[in-house]
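Asker: Next up is a structure, given as structure tokens.
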Amino acid sequence: MIRGYNKLLVILILPLLLTACWDYRDVNKRSIDLSIGVDDVNGNLEFTGEIAQLAPNASSKGQSQITGVYKYISLGKYFEGSRVDYDAKMPFPDFSGAVRVVVFSKKYSEKIGIESYINRLNFSNEFRNSVLVVISEEPTNELYSNKVENDISIGYAIENTIRSLSDEGGALYKTVQEIIMDIEFKQIGYLLPYVTKDKNVVKFLGFAVMKNSKLAGIIKVAETNGYLFLLSKQPTMVTTFPHPRNEKNLINTKTSLKNRTIKTTYQDHKINVYIDLKLNTQIQYEYSIQPIGKKDIKKIERIISDKVKKNILSALNRSKDEFQCDVFNFARYFKAQNHEEFKNINWKEEYTLANFHVNVEATLINTNLLDLNAKRPD
């Protein structure tokens with residue numbers, strides 16, 4: 001009897017397993033969004049973005065491939081109004097699960113702020129929380145005009161550029177989910193990639209400083225080093241300076257983070273942040289081959305340490321004096337390490353009076369390539 005019931009159960013379930021997904025729709029009959037631009041135009045919300053152009057894939061029977069993109073624009077008083085305008089123009093139902101990046105214009109970020117739309121993305125089942133978020137220097141309509149030369153689409157070019165830089169320690173890859181966590185914490189700001197399109201090529205310009213989820217300032221790419229050594233998982237710095245014993249000969253080095261320790265205290269009614277960095281430095285090449293001795297190594301290590309420390313102090317002081325915003329997540333460290341004190345202070349106000357103590361130690365790790373017994377020339 002039991003075996004009979006088991007057979008009947010299998011017969012009833014089998015058709016369900018063999019049936020395609022209940023809401024399946026041919027990919028060629030969906031409007032697949034690849035990226036979204038959000039902007040303010042005369043008090044109205046403008047969505048600009050890219051829809052994938054699909055064609056049959058000759059190498060994979062029954063599958064499609066992206067052969068290009070086409071631009072769309074929709075306009076409305078609020079998110080819903082712009083979405084209604086969008087739906088009225090789309091020949092097929094929308095699919096937003098393929099969105100790679102959301103771009104806010106500088107104007108929109110300054111005037112309105114991005115929190116409301118980030119919340120919309122977070123609560124919508126259509127979008128992935130791992131979507132990259134960036135700020136564009138120009139209006140998004142302008143950013144999405146014309147095609148880019150270095151990728152299949154604007155969205156792909158932005159996402160691939162920032163991901164590549166982030167992997168090499170040269171940028172921060174900030175997602176919707178991470179921004180939501182920062183917003184919910186309430187006491188801190190955050191940094192977003194700041195981009196533009198230069199001669200039909202996407203270009204990373206630096207960081208947009210977000211305070212209360214509104215644009216509070218811009219950090220140029222040449223000024224990002226100090227921020228990266230405090231925030232990036234694997235920051236790197238390539239620098240060139242004169243040989244310790246020959247100013248006409250230049251040395252090129254690459255420095256990476258080995259270890260980062262951050263501790264906080266509250267003394268004399270002031271926040272204290274202690275930052276300790278251990279760095280690894282490699283000499284990549286000399287412009288002219290010249291022996292490097294033990295004394296030279298110590299000088300090179302000091303040059304690197306001082307340079308990184310200077311950049312970090314500049315970034316720290318700018319955050320509390322110019323931006324007046326903790327973009328380094330120090331509040332999280334402080335709350336974990338000084339829980340009672342954190343409950344009794346106004347972090348946003350007291351951060352502007354914080355004391356920073358920075359220690360940086362660089363170690364040259366490829367000394368096997370050098371002449372440690374090198375002597376000074378007569």
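We label chains A, B, ... in the order they appear in the structure tokens, count residues from 1 in each chain, and number ligands from 1 in the order shown.
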Taking the chain letters and numbering used in this document, name the residues of range 83-140 of chain A that DSSP puts in strand (DSSP E), as a list in words.
Answerer: Asp94, Phe95, Val101, Val102, Val103, Phe104, Ser105, Leu132, Val133, Val134, Ile135 and Ser136 of chain A
Asker: Write out as a list in words the residues lying within 7 Å of Val69 in chain A, counting only C-alpha atoms and excluding same-chain residues fewer than 2 positions away.
Answerer: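 Once the nearby chain positions are removed, what remains is Glu50, Ile51, Ala52, Gln53, Lys71 and Ser153 of chain A.
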Asker: Tell me, as a list of chain:residue names, which residues lie within 10 Å of Tyr173 in chain A, counting only C-alpha atoms; anything in the same chain fewer than 4 positions away does not count.
Answerer: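 Listing them by chain and then by number gives A:Ser130, A:Val131, A:Leu132, A:Val133, A:Val134, A:Glu159, A:Ile162, A:Arg163, A:Ser164, A:Leu165, A:Ser166, A:Asp167, A:Glu178, A:Leu191, A:Leu192, A:Pro193, A:Ser232.
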Asker: Save the residues we just selected, N, CA and C atoms, as a CSV table (one decimal), in the first residue's frame?
Answerer:
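Result saved to again-v2.csv:
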```
chain,number,residue,atom,x,y,z
A,130,SER,N,23.7,43.8,-5.3
A,130,SER,CA,25.1,44.0,-5.6
A,130,SER,C,25.4,45.0,-6.7
A,131,VAL,N,24.3,45.7,-7.2
A,131,VAL,CA,24.5,46.7,-8.2
A,131,VAL,C,25.4,47.8,-7.8
A,132,LEU,N,26.3,48.2,-8.7
A,132,LEU,CA,27.3,49.3,-8.4
A,132,LEU,C,26.5,50.6,-8.5
A,133,VAL,N,27.0,51.5,-7.6
A,133,VAL,CA,26.4,52.9,-7.6
A,133,VAL,C,27.5,53.9,-7.9
A,134,VAL,N,27.3,54.8,-8.8
A,134,VAL,CA,28.3,55.9,-9.1
A,134,VAL,C,27.6,57.2,-9.3
A,159,GLU,N,31.0,49.8,-15.1
A,159,GLU,CA,31.2,48.7,-14.1
A,159,GLU,C,32.5,48.0,-14.3
A,162,ILE,N,35.4,50.4,-13.0
A,162,ILE,CA,35.5,50.5,-11.5
A,162,ILE,C,35.9,49.2,-10.9
A,163,ARG,N,35.4,48.1,-11.4
A,163,ARG,CA,35.8,46.8,-10.9
A,163,ARG,C,37.3,46.5,-11.1
A,164,SER,N,37.8,46.8,-12.3
A,164,SER,CA,39.2,46.6,-12.6
A,164,SER,C,40.1,47.5,-11.6
A,165,LEU,N,39.7,48.7,-11.5
A,165,LEU,CA,40.5,49.6,-10.6
A,165,LEU,C,40.4,49.2,-9.2
A,166,SER,N,39.2,48.7,-8.7
A,166,SER,CA,39.0,48.2,-7.4
A,166,SER,C,39.9,47.0,-7.1
A,167,ASP,N,39.9,46.1,-8.1
A,167,ASP,CA,40.8,44.9,-7.9
A,167,ASP,C,42.2,45.2,-7.8
A,178,GLU,N,25.7,47.8,0.4
A,178,GLU,CA,26.7,48.5,1.3
A,178,GLU,C,26.2,49.9,1.7
A,191,LEU,N,31.8,57.1,0.4
A,191,LEU,CA,32.4,57.6,-0.9
A,191,LEU,C,31.9,56.7,-2.0
A,192,LEU,N,31.6,57.4,-3.1
A,192,LEU,CA,31.2,56.7,-4.4
A,192,LEU,C,32.1,57.1,-5.5
A,193,PRO,N,32.3,56.2,-6.4
A,193,PRO,CA,33.1,56.5,-7.6
A,193,PRO,C,32.5,57.7,-8.4
A,232,SER,N,40.2,50.7,1.3
A,232,SER,CA,40.3,49.7,0.3
A,232,SER,C,40.9,48.4,0.9
```
Asker: Can you list, as a PyMOL selection string, every protein, DNA or RNA residue that comes within 10 Å of Leu228 in chain A when you count only C-alpha atoms, leaving out same-chain residues fewer than 3 positions away?
Answerer: chain A and resi 166+169-172+223-225+231-237+311-312+315+328
Asker: So that I can check the surroundings of Ala208 in chain A, please list as a PyMOL selection string every protein, DNA and RNA residue that reaches within 8 Å of it, counting only C-alpha atoms and ignoring chain neighbours fewer than 6 positions away.
Answerer: chain A and resi 135+191-194+215-219
Asker: Emit the selected residues as a short mmCIF file (atom, residue, chain, number, x, y, z; two decimals), in the first residue's frame, including N, CA and C atoms.
Answerer:
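Output below, filename selection23.cif:
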```
data_model
loop_
_atom_site.label_atom_id
_atom_site.label_comp_id
_atom_site.auth_asym_id
_atom_site.auth_seq_id
_atom_site.Cartn_x
_atom_site.Cartn_y
_atom_site.Cartn_z
N ILE A 135 28.46 58.27 -9.27
CA ILE A 135 28.01 59.63 -9.55
C ILE A 135 28.69 60.09 -10.83
N LEU A 191 31.84 57.12 0.39
CA LEU A 191 32.42 57.58 -0.87
C LEU A 191 31.89 56.74 -2.01
N LEU A 192 31.59 57.40 -3.14
CA LEU A 192 31.16 56.71 -4.35
C LEU A 192 32.10 57.06 -5.50
N PRO A 193 32.28 56.15 -6.45
CA PRO A 193 33.09 56.48 -7.63
C PRO A 193 32.48 57.66 -8.38
N TYR A 194 33.33 58.55 -8.85
CA TYR A 194 32.91 59.74 -9.59
C TYR A 194 33.46 59.60 -11.02
N LEU A 215 25.54 64.83 -2.12
CA LEU A 215 26.91 65.13 -2.52
C LEU A 215 27.45 66.31 -1.72
N ALA A 216 28.57 66.09 -1.00
CA ALA A 216 29.15 67.12 -0.15
C ALA A 216 30.50 67.61 -0.66
N GLY A 217 31.07 66.93 -1.64
CA GLY A 217 32.36 67.35 -2.17
C GLY A 217 32.93 66.31 -3.12
N ILE A 218 34.00 66.70 -3.80
CA ILE A 218 34.66 65.82 -4.76
C ILE A 218 36.13 65.64 -4.38
N ILE A 219 36.60 64.42 -4.44
CA ILE A 219 38.01 64.09 -4.22
C ILE A 219 38.61 63.70 -5.56
#
```
Asker: Which residues are close to Tyr108 in chain A, i.e. within 6 Å by only C-alpha atoms, leaving aside same-chain residues fewer than 4 positions away? Reply as a compact mmCIF listing (two decimals) with C-alpha atoms, in the first residue's frame.
Answerer:
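Okay, selection35.txt is ready:
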```txt
# COMPACT_ATOMS: atom_id res chain seq x y z
CA ASP A 39 18.61 62.86 -12.93
CA ASP A 40 16.58 65.96 -12.13
CA ILE A 112 17.85 65.82 -3.98
```
Asker: Compare A:Lys186, A:Lys294, A:Lys214, A:Lys309 by their minimum atom-to-atom distance to Ser105 in chain A, counting only C-alpha atoms, and give me the closest one.
Answerer: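 Smallest distance to Ser105 in chain A is found for A:Lys214.
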Asker: Which residue is closest to Thr265 in chain A? Choose from A:Ala336, A:Leu143, A:Ala157, A:Ala88 and count only C-alpha atoms.
Answerer: A:Ala336
Asker: Go ahead and compute the interatomic distance for CA of Asn42 in chain A and CA of Asp85 in chain A, in Å to one decimal.
Answerer: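 CA of Asp85 in chain A lies 16.5 Å from CA of Asn42 in chain A.
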